[in-house]
file work_33.cif (mmCIF, C-alpha atoms and all ligand atoms)
data_query
loop_
_atom_site.group_PDB
_atom_site.id
_atom_site.type_symbol
_atom_site.label_atom_id
_atom_site.label_comp_id
_atom_site.auth_asym_id
_atom_site.auth_seq_id
_atom_site.Cartn_x
_atom_site.Cartn_y
_atom_site.Cartn_z
ATOM 1 C CA MET U 821 0.000 0.000 0.000
ATOM 2 C CA LYS U 822 1.128 3.591 -0.572
ATOM 3 C CA ILE U 823 1.514 5.249 2.830
ATOM 4 C CA GLY U 824 2.404 8.826 3.701
ATOM 5 C CA VAL U 825 4.110 9.193 7.072
ATOM 6 C CA LEU U 826 3.970 12.734 8.453
ATOM 7 C CA GLY U 827 6.898 13.280 10.805
ATOM 8 C CA THR U 828 10.647 12.698 10.718
ATOM 9 C CA GLY U 829 11.230 12.044 14.442
ATOM 10 C CA ALA U 830 11.694 8.677 16.134
ATOM 11 C CA VAL U 831 8.099 7.614 15.455
ATOM 12 C CA GLY U 832 7.982 8.664 11.810
ATOM 13 C CA ARG U 833 11.261 6.916 11.109
ATOM 14 C CA ALA U 834 10.352 3.767 13.045
ATOM 15 C CA MET U 835 6.997 3.506 11.289
ATOM 16 C CA ALA U 836 8.485 4.298 7.876
ATOM 17 C CA GLY U 837 11.178 1.649 8.396
ATOM 18 C CA ALA U 838 8.771 -1.002 9.678
ATOM 19 C CA LEU U 839 6.179 -0.360 6.972
ATOM 20 C CA THR U 840 8.838 -0.435 4.245
ATOM 21 C CA ALA U 841 10.038 -3.783 5.593
ATOM 22 C CA LEU U 842 6.439 -5.024 5.266
ATOM 23 C CA GLY U 843 6.490 -4.078 1.568
ATOM 24 C CA HIS U 844 4.652 -0.747 1.725
ATOM 25 C CA ASP U 845 5.613 2.237 -0.410
ATOM 26 C CA ILE U 846 6.488 5.092 1.939
ATOM 27 C CA VAL U 847 6.878 8.838 1.515
ATOM 28 C CA LEU U 848 8.071 10.573 4.679
ATOM 29 C CA GLY U 849 6.690 14.071 5.219
ATOM 30 C CA THR U 850 8.484 17.049 6.725
ATOM 31 C CA ARG U 851 7.864 20.814 6.766
ATOM 32 C CA ASP U 852 10.739 21.716 4.457
ATOM 33 C CA PRO U 853 12.667 18.830 2.872
ATOM 34 C CA GLN U 854 15.681 20.980 1.944
ATOM 35 C CA ARG U 855 15.996 22.352 5.453
ATOM 36 C CA THR U 856 15.529 18.869 6.974
ATOM 37 C CA LEU U 857 18.196 17.397 4.679
ATOM 38 C CA ALA U 858 20.560 20.240 5.534
ATOM 39 C CA ARG U 859 20.579 19.268 9.221
ATOM 40 C CA THR U 860 23.708 17.191 9.767
ATOM 41 C CA ALA U 861 23.968 16.995 13.549
ATOM 42 C CA PRO U 862 22.173 14.293 15.552
ATOM 43 C CA ASP U 863 18.812 15.524 16.897
ATOM 44 C CA ARG U 864 18.082 16.383 20.555
ATOM 45 C CA ARG U 865 17.618 12.674 21.347
ATOM 46 C CA GLY U 866 20.931 11.749 19.750
ATOM 47 C CA GLN U 867 19.331 10.196 16.682
ATOM 48 C CA PRO U 868 21.331 10.502 13.458
ATOM 49 C CA SER U 869 20.249 13.200 11.008
ATOM 50 C CA VAL U 870 17.362 12.466 8.655
ATOM 51 C CA ALA U 871 19.850 12.543 5.746
ATOM 52 C CA GLU U 872 21.888 9.772 7.421
ATOM 53 C CA TRP U 873 18.734 7.770 8.147
ATOM 54 C CA LEU U 874 17.574 8.067 4.526
ATOM 55 C CA LYS U 875 20.897 6.644 3.294
ATOM 56 C CA GLU U 876 20.084 3.494 5.260
ATOM 57 C CA HIS U 877 16.495 3.469 3.975
ATOM 58 C CA PRO U 878 16.833 4.188 0.248
ATOM 59 C CA ALA U 879 13.278 3.054 -0.503
ATOM 60 C CA VAL U 880 11.862 5.937 1.576
ATOM 61 C CA ARG U 881 11.435 9.304 -0.141
ATOM 62 C CA LEU U 882 11.436 12.571 1.813
ATOM 63 C CA ALA U 883 8.871 15.169 0.730
ATOM 64 C CA THR U 884 6.618 17.895 2.088
ATOM 65 C CA PHE U 885 3.685 17.017 4.353
ATOM 66 C CA SER U 886 1.418 17.796 1.411
ATOM 67 C CA GLU U 887 3.255 15.476 -1.013
ATOM 68 C CA ALA U 888 3.408 12.688 1.578
ATOM 69 C CA ALA U 889 -0.340 12.952 2.216
ATOM 70 C CA ARG U 890 -1.096 12.998 -1.509
ATOM 71 C CA HIS U 891 1.054 9.888 -2.015
ATOM 72 C CA GLY U 892 -0.661 7.881 0.714
ATOM 73 C CA GLU U 893 -3.700 5.701 0.307
ATOM 74 C CA MET U 894 -3.275 5.783 4.067
ATOM 75 C CA VAL U 895 -1.561 8.499 6.122
ATOM 76 C CA VAL U 896 0.205 8.231 9.492
ATOM 77 C CA ASN U 897 0.469 11.267 11.774
ATOM 78 C CA ALA U 898 3.752 11.122 13.687
ATOM 79 C CA THR U 899 4.272 14.826 14.320
ATOM 80 C CA SER U 900 4.786 16.542 17.672
ATOM 81 C CA GLY U 901 1.569 17.213 19.580
ATOM 82 C CA ASP U 902 1.985 20.977 19.389
ATOM 83 C CA GLY U 903 2.745 20.825 15.658
ATOM 84 C CA THR U 904 0.098 18.303 14.643
ATOM 85 C CA LEU U 905 -2.703 20.668 13.649
ATOM 86 C CA ASP U 906 -0.308 22.787 11.574
ATOM 87 C CA ALA U 907 1.120 19.632 9.984
ATOM 88 C CA VAL U 908 -2.370 18.360 9.132
ATOM 89 C CA GLU U 909 -3.287 21.739 7.675
ATOM 90 C CA SER U 910 -0.103 21.654 5.562
ATOM 91 C CA ALA U 911 -0.910 18.103 4.475
ATOM 92 C CA GLY U 912 -4.093 19.531 3.020
ATOM 93 C CA GLU U 913 -7.726 18.542 3.471
ATOM 94 C CA ALA U 914 -8.070 17.394 -0.154
ATOM 95 C CA ASN U 915 -5.031 15.099 0.172
ATOM 96 C CA LEU U 916 -6.537 13.465 3.278
ATOM 97 C CA ALA U 917 -10.164 13.214 2.165
ATOM 98 C CA GLY U 918 -11.543 9.677 2.414
ATOM 99 C CA LYS U 919 -8.217 8.301 3.649
ATOM 100 C CA VAL U 920 -7.414 6.402 6.825
ATOM 101 C CA LEU U 921 -5.402 8.754 9.035
ATOM 102 C CA LEU U 922 -3.615 6.768 11.747
ATOM 103 C CA ASP U 923 -2.847 9.243 14.523
ATOM 104 C CA ILE U 924 0.017 8.290 16.860
ATOM 105 C CA ALA U 925 0.671 11.769 18.280
ATOM 106 C CA ASN U 926 0.328 12.788 21.916
ATOM 107 C CA PRO U 927 -0.612 16.311 23.035
ATOM 108 C CA LEU U 928 2.319 16.577 25.453
ATOM 109 C CA ASP U 929 3.065 20.020 26.867
ATOM 110 C CA PHE U 930 6.637 20.314 28.152
ATOM 111 C CA SER U 931 6.421 24.069 28.790
ATOM 112 C CA GLN U 932 6.530 23.501 32.575
ATOM 113 C CA GLY U 933 9.215 20.801 32.332
ATOM 114 C CA PHE U 934 8.970 17.105 33.130
ATOM 115 C CA PRO U 935 6.641 15.335 33.575
ATOM 116 C CA PRO U 936 4.694 16.989 30.773
ATOM 117 C CA SER U 937 1.024 17.867 31.058
ATOM 118 C CA LEU U 938 -1.517 17.525 28.257
ATOM 119 C CA SER U 939 -2.483 20.476 26.087
ATOM 120 C CA VAL U 940 -5.942 18.960 25.559
ATOM 121 C CA CYS U 941 -7.730 16.422 27.785
ATOM 122 C CA ASN U 942 -10.875 15.305 29.614
ATOM 123 C CA THR U 943 -13.541 16.613 27.241
ATOM 124 C CA ASP U 944 -11.527 16.623 24.019
ATOM 125 C CA SER U 945 -8.431 15.038 22.483
ATOM 126 C CA LEU U 946 -5.834 15.731 19.828
ATOM 127 C CA ALA U 947 -7.336 12.981 17.665
ATOM 128 C CA GLU U 948 -10.754 14.659 17.791
ATOM 129 C CA GLN U 949 -9.161 18.025 16.999
ATOM 130 C CA ILE U 950 -7.596 16.424 13.910
ATOM 131 C CA GLN U 951 -10.930 14.865 12.934
ATOM 132 C CA ARG U 952 -12.643 18.265 13.203
ATOM 133 C CA ALA U 953 -9.833 19.899 11.183
ATOM 134 C CA VAL U 954 -10.171 17.338 8.368
ATOM 135 C CA PRO U 955 -13.727 15.976 8.626
ATOM 136 C CA GLN U 956 -13.427 13.886 5.480
ATOM 137 C CA ALA U 957 -10.405 11.957 6.766
ATOM 138 C CA ARG U 958 -11.066 8.754 8.688
ATOM 139 C CA VAL U 959 -9.015 9.246 11.851
ATOM 140 C CA VAL U 960 -7.996 6.203 13.869
ATOM 141 C CA LYS U 961 -6.000 6.590 17.083
ATOM 142 C CA SER U 962 -3.527 3.863 17.959
ATOM 143 C CA LEU U 963 0.073 3.106 18.981
ATOM 144 C CA ASN U 964 0.403 6.354 20.996
ATOM 145 C CA THR U 965 0.608 4.378 24.279
ATOM 146 C CA VAL U 966 3.960 2.701 23.583
ATOM 147 C CA ASN U 967 7.498 3.798 22.798
ATOM 148 C CA THR U 968 8.724 3.465 19.210
ATOM 149 C CA SER U 969 10.876 0.433 19.988
ATOM 150 C CA VAL U 970 7.772 -1.437 21.193
ATOM 151 C CA MET U 971 5.435 0.116 18.604
ATOM 152 C CA VAL U 972 7.142 -1.568 15.669
ATOM 153 C CA ASP U 973 8.317 -4.669 17.537
ATOM 154 C CA PRO U 974 5.873 -5.748 20.263
ATOM 155 C CA ALA U 975 7.973 -8.864 20.901
ATOM 156 C CA ALA U 976 10.767 -6.569 22.133
ATOM 157 C CA VAL U 977 9.102 -6.691 25.575
ATOM 158 C CA GLY U 978 7.233 -9.401 27.450
ATOM 159 C CA GLY U 979 7.257 -11.777 24.512
ATOM 160 C CA GLY U 980 4.683 -9.568 22.804
ATOM 161 C CA ASP U 981 1.745 -10.627 24.975
ATOM 162 C CA HIS U 982 0.497 -7.145 25.847
ATOM 163 C CA THR U 983 -2.152 -4.684 24.791
ATOM 164 C CA ILE U 984 -2.578 -1.995 22.165
ATOM 165 C CA PHE U 985 -5.700 0.142 21.751
ATOM 166 C CA VAL U 986 -7.532 1.453 18.706
ATOM 167 C CA CYS U 987 -10.449 3.846 18.430
ATOM 168 C CA GLY U 988 -12.129 5.768 15.660
ATOM 169 C CA ASN U 989 -15.503 6.586 14.154
ATOM 170 C CA ASP U 990 -15.144 4.560 10.949
ATOM 171 C CA ALA U 991 -15.286 0.769 11.359
ATOM 172 C CA GLU U 992 -13.656 0.044 8.006
ATOM 173 C CA ALA U 993 -10.780 2.437 8.737
ATOM 174 C CA LYS U 994 -10.249 0.752 12.104
ATOM 175 C CA GLY U 995 -10.229 -2.605 10.313
ATOM 176 C CA THR U 996 -7.450 -1.359 8.019
ATOM 177 C CA VAL U 997 -5.399 -0.196 11.012
ATOM 178 C CA VAL U 998 -6.016 -3.441 12.916
ATOM 179 C CA GLY U 999 -4.760 -5.358 9.864
ATOM 180 C CA LEU U 1000 -1.604 -3.258 9.858
ATOM 181 C CA LEU U 1001 -1.149 -3.762 13.620
ATOM 182 C CA ARG U 1002 -1.410 -7.523 13.145
ATOM 183 C CA ASP U 1003 1.166 -7.374 10.346
ATOM 184 C CA ILE U 1004 3.529 -5.537 12.717
ATOM 185 C CA GLY U 1005 3.025 -8.297 15.297
ATOM 186 C CA TRP U 1006 0.336 -6.987 17.650
ATOM 187 C CA ARG U 1007 -2.030 -9.663 18.953
ATOM 188 C CA ASP U 1008 -3.964 -8.197 21.895
ATOM 189 C CA ILE U 1009 -5.763 -5.321 20.179
ATOM 190 C CA ILE U 1010 -8.645 -3.676 22.059
ATOM 191 C CA ASP U 1011 -11.115 -1.600 20.043
ATOM 192 C CA LEU U 1012 -12.346 1.021 22.524
ATOM 193 C CA GLY U 1013 -15.047 2.380 20.215
ATOM 194 C CA ASP U 1014 -15.431 5.838 18.706
ATOM 195 C CA LEU U 1015 -12.745 8.501 18.475
ATOM 196 C CA SER U 1016 -13.742 10.211 21.749
ATOM 197 C CA ASN U 1017 -11.992 7.253 23.412
ATOM 198 C CA ALA U 1018 -8.705 8.868 22.335
ATOM 199 C CA ARG U 1019 -9.237 11.065 25.416
ATOM 200 C CA GLY U 1020 -8.492 7.943 27.454
ATOM 201 C CA THR U 1021 -5.488 6.710 25.503
ATOM 202 C CA GLU U 1022 -3.964 10.199 25.351
ATOM 203 C CA MET U 1023 -4.528 10.793 29.096
ATOM 204 C CA TYR U 1024 -2.854 7.404 29.695
ATOM 205 C CA LEU U 1025 0.368 9.286 28.902
ATOM 206 C CA SER U 1026 0.185 10.826 32.382
ATOM 207 C CA ILE U 1027 0.941 7.423 33.904
ATOM 208 C CA TRP U 1028 3.156 6.332 30.972
ATOM 209 C CA VAL U 1029 5.726 9.115 31.539
ATOM 210 C CA ARG U 1030 5.815 8.345 35.275
ATOM 211 C CA LEU U 1031 6.278 4.635 34.625
ATOM 212 C CA MET U 1032 9.151 5.494 32.302
ATOM 213 C CA SER U 1033 10.829 7.530 35.068
ATOM 214 C CA THR U 1034 10.311 4.831 37.680
ATOM 215 C CA LEU U 1035 11.375 1.927 35.476
ATOM 216 C CA GLY U 1036 14.249 3.862 33.928
ATOM 217 C CA THR U 1037 13.330 2.722 30.428
ATOM 218 C CA PRO U 1038 10.676 3.481 27.796
ATOM 219 C CA LYS U 1039 10.622 -0.178 26.748
ATOM 220 C CA PHE U 1040 7.539 -1.506 28.535
ATOM 221 C CA ASN U 1041 3.814 -1.917 28.021
ATOM 222 C CA VAL U 1042 0.689 -2.908 29.910
ATOM 223 C CA LYS U 1043 -1.386 -6.048 29.498
ATOM 224 C CA VAL U 1044 -5.111 -5.760 30.116
ATOM 225 C CA VAL U 1045 -5.970 -8.982 31.939
ATOM 226 C CA ARG U 1046 -9.618 -9.911 31.609
HETATM 227 N N1 LIG P 1 8.859 8.982 20.754
HETATM 228 C C1 LIG P 1 8.035 7.993 21.078
HETATM 229 O O1 LIG P 1 8.458 6.888 21.476
HETATM 230 C C2 LIG P 1 6.541 8.185 20.924
HETATM 231 C C3 LIG P 1 5.683 7.127 21.202
HETATM 232 C C4 LIG P 1 4.309 7.273 20.994
HETATM 233 C C5 LIG P 1 3.820 8.483 20.525
HETATM 234 N N2 LIG P 1 4.682 9.504 20.284
HETATM 235 C C6 LIG P 1 4.153 10.755 19.718
HETATM 236 O O2 LIG P 1 4.447 10.715 18.325
HETATM 237 C C7 LIG P 1 4.698 12.042 17.834
HETATM 238 C C8 LIG P 1 6.090 12.095 17.196
HETATM 239 O O3 LIG P 1 7.055 11.908 18.188
HETATM 240 P P1 LIG P 1 8.614 11.860 17.824
HETATM 241 O O4 LIG P 1 9.297 11.562 19.099
HETATM 242 O O5 LIG P 1 8.818 10.982 16.673
HETATM 243 O O6 LIG P 1 8.989 13.301 17.284
HETATM 244 P P2 LIG P 1 8.655 14.803 17.681
HETATM 245 O O7 LIG P 1 9.938 15.501 17.916
HETATM 246 O O8 LIG P 1 7.615 14.880 18.741
HETATM 247 O O9 LIG P 1 8.002 15.346 16.304
HETATM 248 C C9 LIG P 1 8.805 15.522 15.184
HETATM 249 C C10 LIG P 1 7.975 15.912 13.988
HETATM 250 O O10 LIG P 1 7.043 16.951 14.306
HETATM 251 C C11 LIG P 1 7.133 17.951 13.299
HETATM 252 N N3 LIG P 1 6.826 19.269 13.871
HETATM 253 C C12 LIG P 1 7.342 19.837 14.988
HETATM 254 N N4 LIG P 1 6.827 21.052 15.163
HETATM 255 C C13 LIG P 1 5.986 21.291 14.127
HETATM 256 C C14 LIG P 1 5.170 22.390 13.737
HETATM 257 N N5 LIG P 1 5.104 23.511 14.464
HETATM 258 N N6 LIG P 1 4.435 22.261 12.618
HETATM 259 C C15 LIG P 1 4.486 21.127 11.875
HETATM 260 N N7 LIG P 1 5.234 20.058 12.186
HETATM 261 C C16 LIG P 1 5.976 20.134 13.292
HETATM 262 C C17 LIG P 1 8.582 17.914 12.834
HETATM 263 O O11 LIG P 1 8.664 18.460 11.535
HETATM 264 P P3 LIG P 1 10.033 18.560 10.723
HETATM 265 O O12 LIG P 1 10.232 17.196 10.106
HETATM 266 O O13 LIG P 1 9.771 19.606 9.728
HETATM 267 O O14 LIG P 1 11.099 18.910 11.707
HETATM 268 C C18 LIG P 1 8.872 16.431 12.867
HETATM 269 O O15 LIG P 1 8.533 15.817 11.647
HETATM 270 C C19 LIG P 1 4.557 12.968 19.035
HETATM 271 O O16 LIG P 1 3.258 13.498 19.046
HETATM 272 C C20 LIG P 1 4.763 12.039 20.224
HETATM 273 O O17 LIG P 1 4.125 12.487 21.404
HETATM 274 C C21 LIG P 1 6.030 9.399 20.477
#
call {"tool": "encode", "arguments": {"input": "work_33.cif", "output": "structure tokens", "more": "lines below"}}
Ligand SMILES: NC(=O)c1ccc[n+]([C@@H]2O[C@H](COP(=O)([O-])OP(=O)(O)OC[C@H]3O[C@@H](n4cnc5c(N)ncnc54)[C@H](OP(=O)(O)O)[C@@H]3O)[C@@H](O)[C@H]2O)c1
result
Amino acid sequence: MKIGVLGTGAVGRAMAGALTALGHDIVLGTRDPQRTLARTAPDRRGQPSVAEWLKEHPAVRLATFSEAARHGEMVVNATSGDGTLDAVESAGEANLAGKVLLDIANPLDFSQGFPPSLSVCNTDSLAEQIQRAVPQARVVKSLNTVNTSVMVDPAAVGGGDHTIFVCGNDAEAKGTVVGLLRDIGWRDIIDLGDLSNARGTEMYLSIWVRLMSTLGTPKFNVKVVR
């Protein structure tokens, strides 16, 4: 499938790499490809530059958010929470219309330091803000509750027997995302219902960041035992 991945950070790269390995045709979206390619230093997390990463992933093409969205039969949002609505606007409503938009972003607000708070919560969510911004897209929230290393390789922790959530208003779109999750290796997938349930999975980040501090690693997940 042709997939546009919006975002060049750890999540965008991990998803682009994993989806390429599964045989998908990926265009990675950024604000300004020339400016992104001109960055040579490792990013703030010590990741190699995007240019270095692309050398190791020659099948992935870097383009604008708009070109990446146009390319995709499906689009993945892996942009920072505070940049997501701008990124989606740049991607363009027409380029997202009718398409599955898998939203992995979290509305983390680091302005007061760590742990971050949420810039939207309780009665709204980033996923719902995206859905309102591009009503014709079919937004599905998933994968935002795990670190990238677990996201694309559930077996990396606990033998893979742990839980990932999906929610969204369009059953067929959720089915497409669930298929992709299964291809990646996810087995315990809980469909929470409509997109308002993203309020729950985004607010879960409040405990996720504290678990990360306590455990000293982002490589963990929860298992919902019924
Ligand atoms: N890191 C994880 O393990 C993890 C796990 C689950 C969910 N998430 C969520 O996934 C998202 C991506 O996280 P990340 O760690 O990969 O990277 P990130 O640093 O949060 O986001 C990087 C991307 O956001 C774009 N961006 C930043 N500000 C923007 C703005 N004002 N307008 C438009 N685009 C903007 C950047 O564009 P350029 O390419 O132009 O620089 C870049 O592509 C976040 O929402 C995060 O909370 C992260």
call {"tool": "resolve_selection", "arguments": {"input": "work_33.cif", "expression": "the PyMOL selection byres (((chain U and resi 846) around 9) and not hetatm)", "output": "list in words"}}
result
Met821, Lys822, Ile823, Gly824, Val825, Ala836, Gly837, Leu839, Thr840, His844, Asp845, Val847, Leu848, Ala879, Val880, Arg881, Leu882, Ala888, His891 and Gly892 of chain U
call {"tool": "closest_residue", "arguments": {"input": "work_33.cif", "among": "U:Leu1015, U:Val920, U:Leu928, U:Val966", "to": "Glu948 in chain U", "atoms": "only C-alpha atoms"}}
result
U:Leu1015
call {"tool": "residues_near_ligand", "arguments": {"input": "work_33.cif", "ligand": "ligand LIG 1 (chain P)", "cutoff": "9 Å", "atoms": "all atoms listed in the file", "output": "MDAnalysis selection string"}}
result
chainID U and resid 826:834 848:853 855:856 863:865 870 884:885 897:910 923:928 963:971 1025 1038
call {"tool": "resolve_selection", "arguments": {"input": "work_33.cif", "expression": "the PyMOL selection byres (((chain U and resi 1042) around 7) and not hetatm)", "output": "list in words"}}
result
His982, Thr983, Asn1041, Lys1043 and Val1044 of chain U
call {"tool": "resolve_selection", "arguments": {"input": "work_33.cif", "expression": "the PyMOL selection byres (((chain U and resi 1005) around 12) and not hetatm)", "output": "PyMOL selection string"}}
result
chain U and resi 838-839+842+970-976+979-984+998-1004+1006-1009
call {"tool": "atom_distance", "arguments": {"input": "work_33.cif", "atom1": "CA of Leu922 in chain U", "atom2": "CA of His877 in chain U"}}
result
21.8 Å
call {"tool": "closest_residue", "arguments": {"input": "work_33.cif", "among": "U:Ala911, U:Val940, U:Val986, U:Ala883", "to": "Val960 in chain U", "atoms": "all atoms listed in the file"}}
result
U:Val986
call {"tool": "atom_distance", "arguments": {"input": "work_33.cif", "atom1": "CA of Arg890 in chain U", "atom2": "CA of Pro955 in chain U"}}
result
16.5 Å
call {"tool": "axis_aligned_box", "arguments": {"input": "work_33.cif", "around": "range 872-875 of chain U", "padding_each_side": "4 Å", "output": "AutoDock Vina command-line options"}}
result
--center_x 19.7 --center_y 8.2 --center_z 5.7 --size_x 12.3 --size_y 11.1 --size_z 12.9
call {"tool": "atom_distance", "arguments": {"input": "work_33.cif", "atom1": "CA of Leu938 in chain U", "atom2": "CA of Val1029 in chain U"}}
result
11.6 Å
call {"tool": "residues_around", "arguments": {"input": "work_33.cif", "residues": "Ser1016 in chain U", "least_positions_apart": "5", "cutoff": "9 Å", "atoms": "only C-alpha atoms", "output": "PyMOL selection string"}}
result
chain U and resi 943-945+947-948+987-989
